[in-house]
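Visitor: So that you have it, the file is upload_35.tsv, and it contains TSV, N, CA and C atoms:
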chain	number	residue	atom	x	y	z
A	277	MET	N	6.65	1.60	10.51
A	277	MET	CA	7.05	0.36	9.91
A	277	MET	C	5.87	-0.11	9.08
A	278	LYS	N	6.16	-0.61	7.85
A	278	LYS	CA	5.08	-1.06	6.96
A	278	LYS	C	5.50	-2.34	6.25
A	279	ILE	N	4.56	-3.26	6.17
A	279	ILE	CA	4.82	-4.54	5.50
A	279	ILE	C	4.99	-4.33	4.00
A	280	VAL	N	5.82	-5.16	3.40
A	280	VAL	CA	6.00	-5.17	1.96
A	280	VAL	C	5.51	-6.52	1.47
A	281	SER	N	4.40	-6.50	0.73
A	281	SER	CA	3.82	-7.74	0.22
A	281	SER	C	2.94	-7.43	-0.98
A	282	PRO	N	3.17	-8.15	-2.08
A	282	PRO	CA	2.31	-7.96	-3.25
A	282	PRO	C	0.90	-8.50	-3.01
A	283	ASP	N	0.73	-9.32	-1.99
A	283	ASP	CA	-0.56	-9.93	-1.70
A	283	ASP	C	-1.46	-9.07	-0.82
A	284	ILE	N	-0.92	-7.99	-0.27
A	284	ILE	CA	-1.71	-7.12	0.61
A	284	ILE	C	-1.73	-5.72	0.00
A	285	ILE	N	-2.85	-5.36	-0.56
A	285	ILE	CA	-3.00	-4.05	-1.20
A	285	ILE	C	-3.19	-2.96	-0.15
A	286	HIS	N	-4.12	-3.16	0.76
A	286	HIS	CA	-4.42	-2.17	1.79
A	286	HIS	C	-3.73	-2.57	3.09
A	287	LYS	N	-2.53	-2.07	3.26
A	287	LYS	CA	-1.66	-2.48	4.38
A	287	LYS	C	-2.30	-2.24	5.75
A	288	THR	N	-2.98	-1.12	5.93
A	288	THR	CA	-3.57	-0.83	7.24
A	288	THR	C	-4.72	-1.78	7.56
A	289	ASP	N	-5.47	-2.19	6.55
A	289	ASP	CA	-6.58	-3.13	6.78
A	289	ASP	C	-6.08	-4.47	7.30
A	290	ALA	N	-4.86	-4.83	6.92
A	290	ALA	CA	-4.28	-6.11	7.33
A	290	ALA	C	-3.45	-5.98	8.60
A	291	GLY	N	-3.41	-4.79	9.19
A	291	GLY	CA	-2.58	-4.59	10.37
A	291	GLY	C	-1.10	-4.50	10.03
A	292	GLY	N	-0.81	-4.11	8.80
A	292	GLY	CA	0.56	-4.09	8.32
A	292	GLY	C	1.30	-2.79	8.48
A	293	VAL	N	0.79	-1.89	9.31
A	293	VAL	CA	1.44	-0.59	9.53
A	293	VAL	C	1.49	-0.30	11.02
A	294	LYS	N	2.64	0.12	11.51
A	294	LYS	CA	2.80	0.55	12.91
A	294	LYS	C	3.55	1.88	12.90
A	295	LEU	N	3.04	2.83	13.68
A	295	LEU	CA	3.64	4.16	13.76
A	295	LEU	C	4.16	4.44	15.16
A	296	ASN	N	4.94	5.49	15.28
A	296	ASN	CA	5.45	5.99	16.56
A	296	ASN	C	6.24	4.94	17.33
A	297	ILE	N	7.11	4.25	16.64
A	297	ILE	CA	7.99	3.26	17.27
A	297	ILE	C	9.17	4.02	17.87
A	298	LYS	N	9.37	3.86	19.17
A	298	LYS	CA	10.33	4.70	19.88
A	298	LYS	C	11.71	4.09	20.10
A	299	ASP	N	11.80	2.76	20.14
A	299	ASP	CA	13.09	2.15	20.44
A	299	ASP	C	13.18	0.76	19.82
A	300	GLU	N	14.32	0.12	20.05
A	300	GLU	CA	14.55	-1.20	19.46
A	300	GLU	C	13.54	-2.24	19.93
A	301	LYS	N	13.20	-2.21	21.20
A	301	LYS	CA	12.24	-3.17	21.74
A	301	LYS	C	10.89	-3.02	21.04
A	302	GLU	N	10.42	-1.80	20.90
A	302	GLU	CA	9.15	-1.55	20.22
A	302	GLU	C	9.23	-1.96	18.75
A	303	ALA	N	10.39	-1.77	18.13
A	303	ALA	CA	10.57	-2.16	16.73
A	303	ALA	C	10.45	-3.67	16.57
A	304	ARG	N	11.07	-4.40	17.47
A	304	ARG	CA	10.99	-5.87	17.42
A	304	ARG	C	9.54	-6.35	17.60
A	305	LEU	N	8.85	-5.76	18.57
A	305	LEU	CA	7.46	-6.14	18.82
A	305	LEU	C	6.56	-5.76	17.64
A	306	ALA	N	6.79	-4.60	17.08
A	306	ALA	CA	6.00	-4.15	15.93
A	306	ALA	C	6.20	-5.09	14.75
A	307	TYR	N	7.44	-5.48	14.51
A	307	TYR	CA	7.73	-6.41	13.41
A	307	TYR	C	6.98	-7.72	13.59
A	308	GLN	N	7.08	-8.28	14.79
A	308	GLN	CA	6.41	-9.56	15.07
A	308	GLN	C	4.89	-9.44	14.90
A	309	GLU	N	4.34	-8.34	15.38
A	309	GLU	CA	2.90	-8.13	15.28
A	309	GLU	C	2.45	-7.97	13.82
A	310	ILE	N	3.22	-7.22	13.05
A	310	ILE	CA	2.89	-7.02	11.64
A	310	ILE	C	2.90	-8.35	10.88
A	311	ILE	N	3.92	-9.15	11.10
A	311	ILE	CA	4.01	-10.45	10.42
A	311	ILE	C	2.86	-11.36	10.84
A	312	PHE	N	2.57	-11.40	12.14
A	312	PHE	CA	1.48	-12.23	12.66
A	312	PHE	C	0.14	-11.82	12.04
A	313	LYS	N	-0.13	-10.52	12.03
A	313	LYS	CA	-1.41	-10.04	11.50
A	313	LYS	C	-1.52	-10.27	10.00
A	314	ALA	N	-0.42	-10.13	9.28
A	314	ALA	CA	-0.44	-10.37	7.84
A	314	ALA	C	-0.78	-11.82	7.53
A	315	LYS	N	-0.20	-12.73	8.29
A	315	LYS	CA	-0.48	-14.16	8.08
A	315	LYS	C	-1.91	-14.51	8.49
A	316	LYS	N	-2.43	-13.81	9.48
A	316	LYS	CA	-3.82	-14.02	9.89
A	316	LYS	C	-4.77	-13.47	8.82
A	317	TYR	N	-4.41	-12.35	8.23
A	317	TYR	CA	-5.22	-11.70	7.19
A	317	TYR	C	-5.28	-12.56	5.92
A	318	ASN	N	-4.14	-13.16	5.58
A	318	ASN	CA	-4.05	-13.98	4.37
A	318	ASN	C	-3.06	-15.11	4.65
A	319	LYS	N	-3.57	-16.30	4.83
A	319	LYS	CA	-2.73	-17.44	5.22
A	319	LYS	C	-1.67	-17.79	4.18
A	320	LYS	N	-1.88	-17.40	2.93
A	320	LYS	CA	-0.93	-17.71	1.85
A	320	LYS	C	-0.11	-16.49	1.45
A	321	VAL	N	-0.04	-15.50	2.31
A	321	VAL	CA	0.64	-14.24	2.00
A	321	VAL	C	2.13	-14.46	1.71
A	322	LYS	N	2.62	-13.72	0.73
A	322	LYS	CA	4.05	-13.69	0.43
A	322	LYS	C	4.58	-12.38	0.99
A	323	ILE	N	5.46	-12.47	1.97
A	323	ILE	CA	6.00	-11.28	2.62
A	323	ILE	C	7.43	-11.06	2.13
A	324	SER	N	7.66	-9.88	1.55
A	324	SER	CA	8.99	-9.53	1.06
A	324	SER	C	9.84	-8.91	2.16
A	325	GLY	N	9.20	-8.34	3.15
A	325	GLY	CA	9.91	-7.69	4.25
A	325	GLY	C	9.08	-6.57	4.83
A	326	VAL	N	9.77	-5.66	5.51
A	326	VAL	CA	9.11	-4.47	6.05
A	326	VAL	C	9.96	-3.24	5.74
A	327	ILE	N	9.30	-2.11	5.64
A	327	ILE	CA	9.98	-0.83	5.45
A	327	ILE	C	9.99	-0.12	6.79
A	328	ILE	N	11.15	0.37	7.17
A	328	ILE	CA	11.25	1.10	8.44
A	328	ILE	C	11.34	2.58	8.15
In structure tokens, how does this file's structure come out?
Guide:
Amino acid sequence: MKIVSPDIIHKTDAGGVKLNIKDEKEARLAYQEIIFKAKKYNKKVKISGVII
């Protein structure tokens, strides 16, 4: 799963990438974590979504 945002060039540096997601529960947690970390990385971030 990877964040989609024009404000974050290096997705891994911002915590915007999660790999080896095995089920729906992990997908939900990964999504929440990616969004949280992106907002922490850049408080004014514009998030378009995530790629699964």
Visitor: Restricting the calculation to all atoms listed in the file, which member of A:Met277, A:Ile327, A:Val321, A:Ile284 is positioned closest to A:Asn296?
Guide: A:Met277
Visitor: Tell me, in Å to one decimal, how far atom CA of A:Lys278 is from atom CA of A:Lys294.
Guide: 6.6 Å
Visitor: Within 12 Å of A:Ile323, counting only C-alpha atoms, which residues show up once you throw out same-chain ones fewer than 6 positions away? Write them as a count of residues only, please.
Guide: 16
Visitor: State, in Å with one decimal place, the distance from atom CA of A:Asn318 to atom CA of A:Glu300.
Guide: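 According to the coordinates, atom CA of A:Asn318 and atom CA of A:Glu300 are separated by 27.1 Å.
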Visitor: Residues of chain A classed as helix (DSSP H, G or I) by DSSP on the backbone are to be reported as a ChimeraX atom specification.
Guide: /A:300-317
Visitor: Please compute the atom N of A:Ile328-atom N of A:Lys316 distance, one decimal, in Å.
Guide: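 So the two atoms, atom N of A:Ile328 and atom N of A:Lys316, lie 19.8 Å apart.
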Visitor: From a DSSP pass on the backbone, collect the residues of chain A flagged as strand (DSSP E or B) and hand them back as a ChimeraX atom specification.
Guide: /A:278-280,293,325-327
Visitor: Take every atom of stretch 319-328 of chain A listed in the file, fit an axis-aligned box around them, add 3 Å per side, and give the centre and edge lengths in Å to one decimal as JSON.
Guide:
{"center_x": 3.9, "center_y": -7.6, "center_z": 4.4, "size_x": 20.9, "size_y": 26.4, "size_z": 14.0}
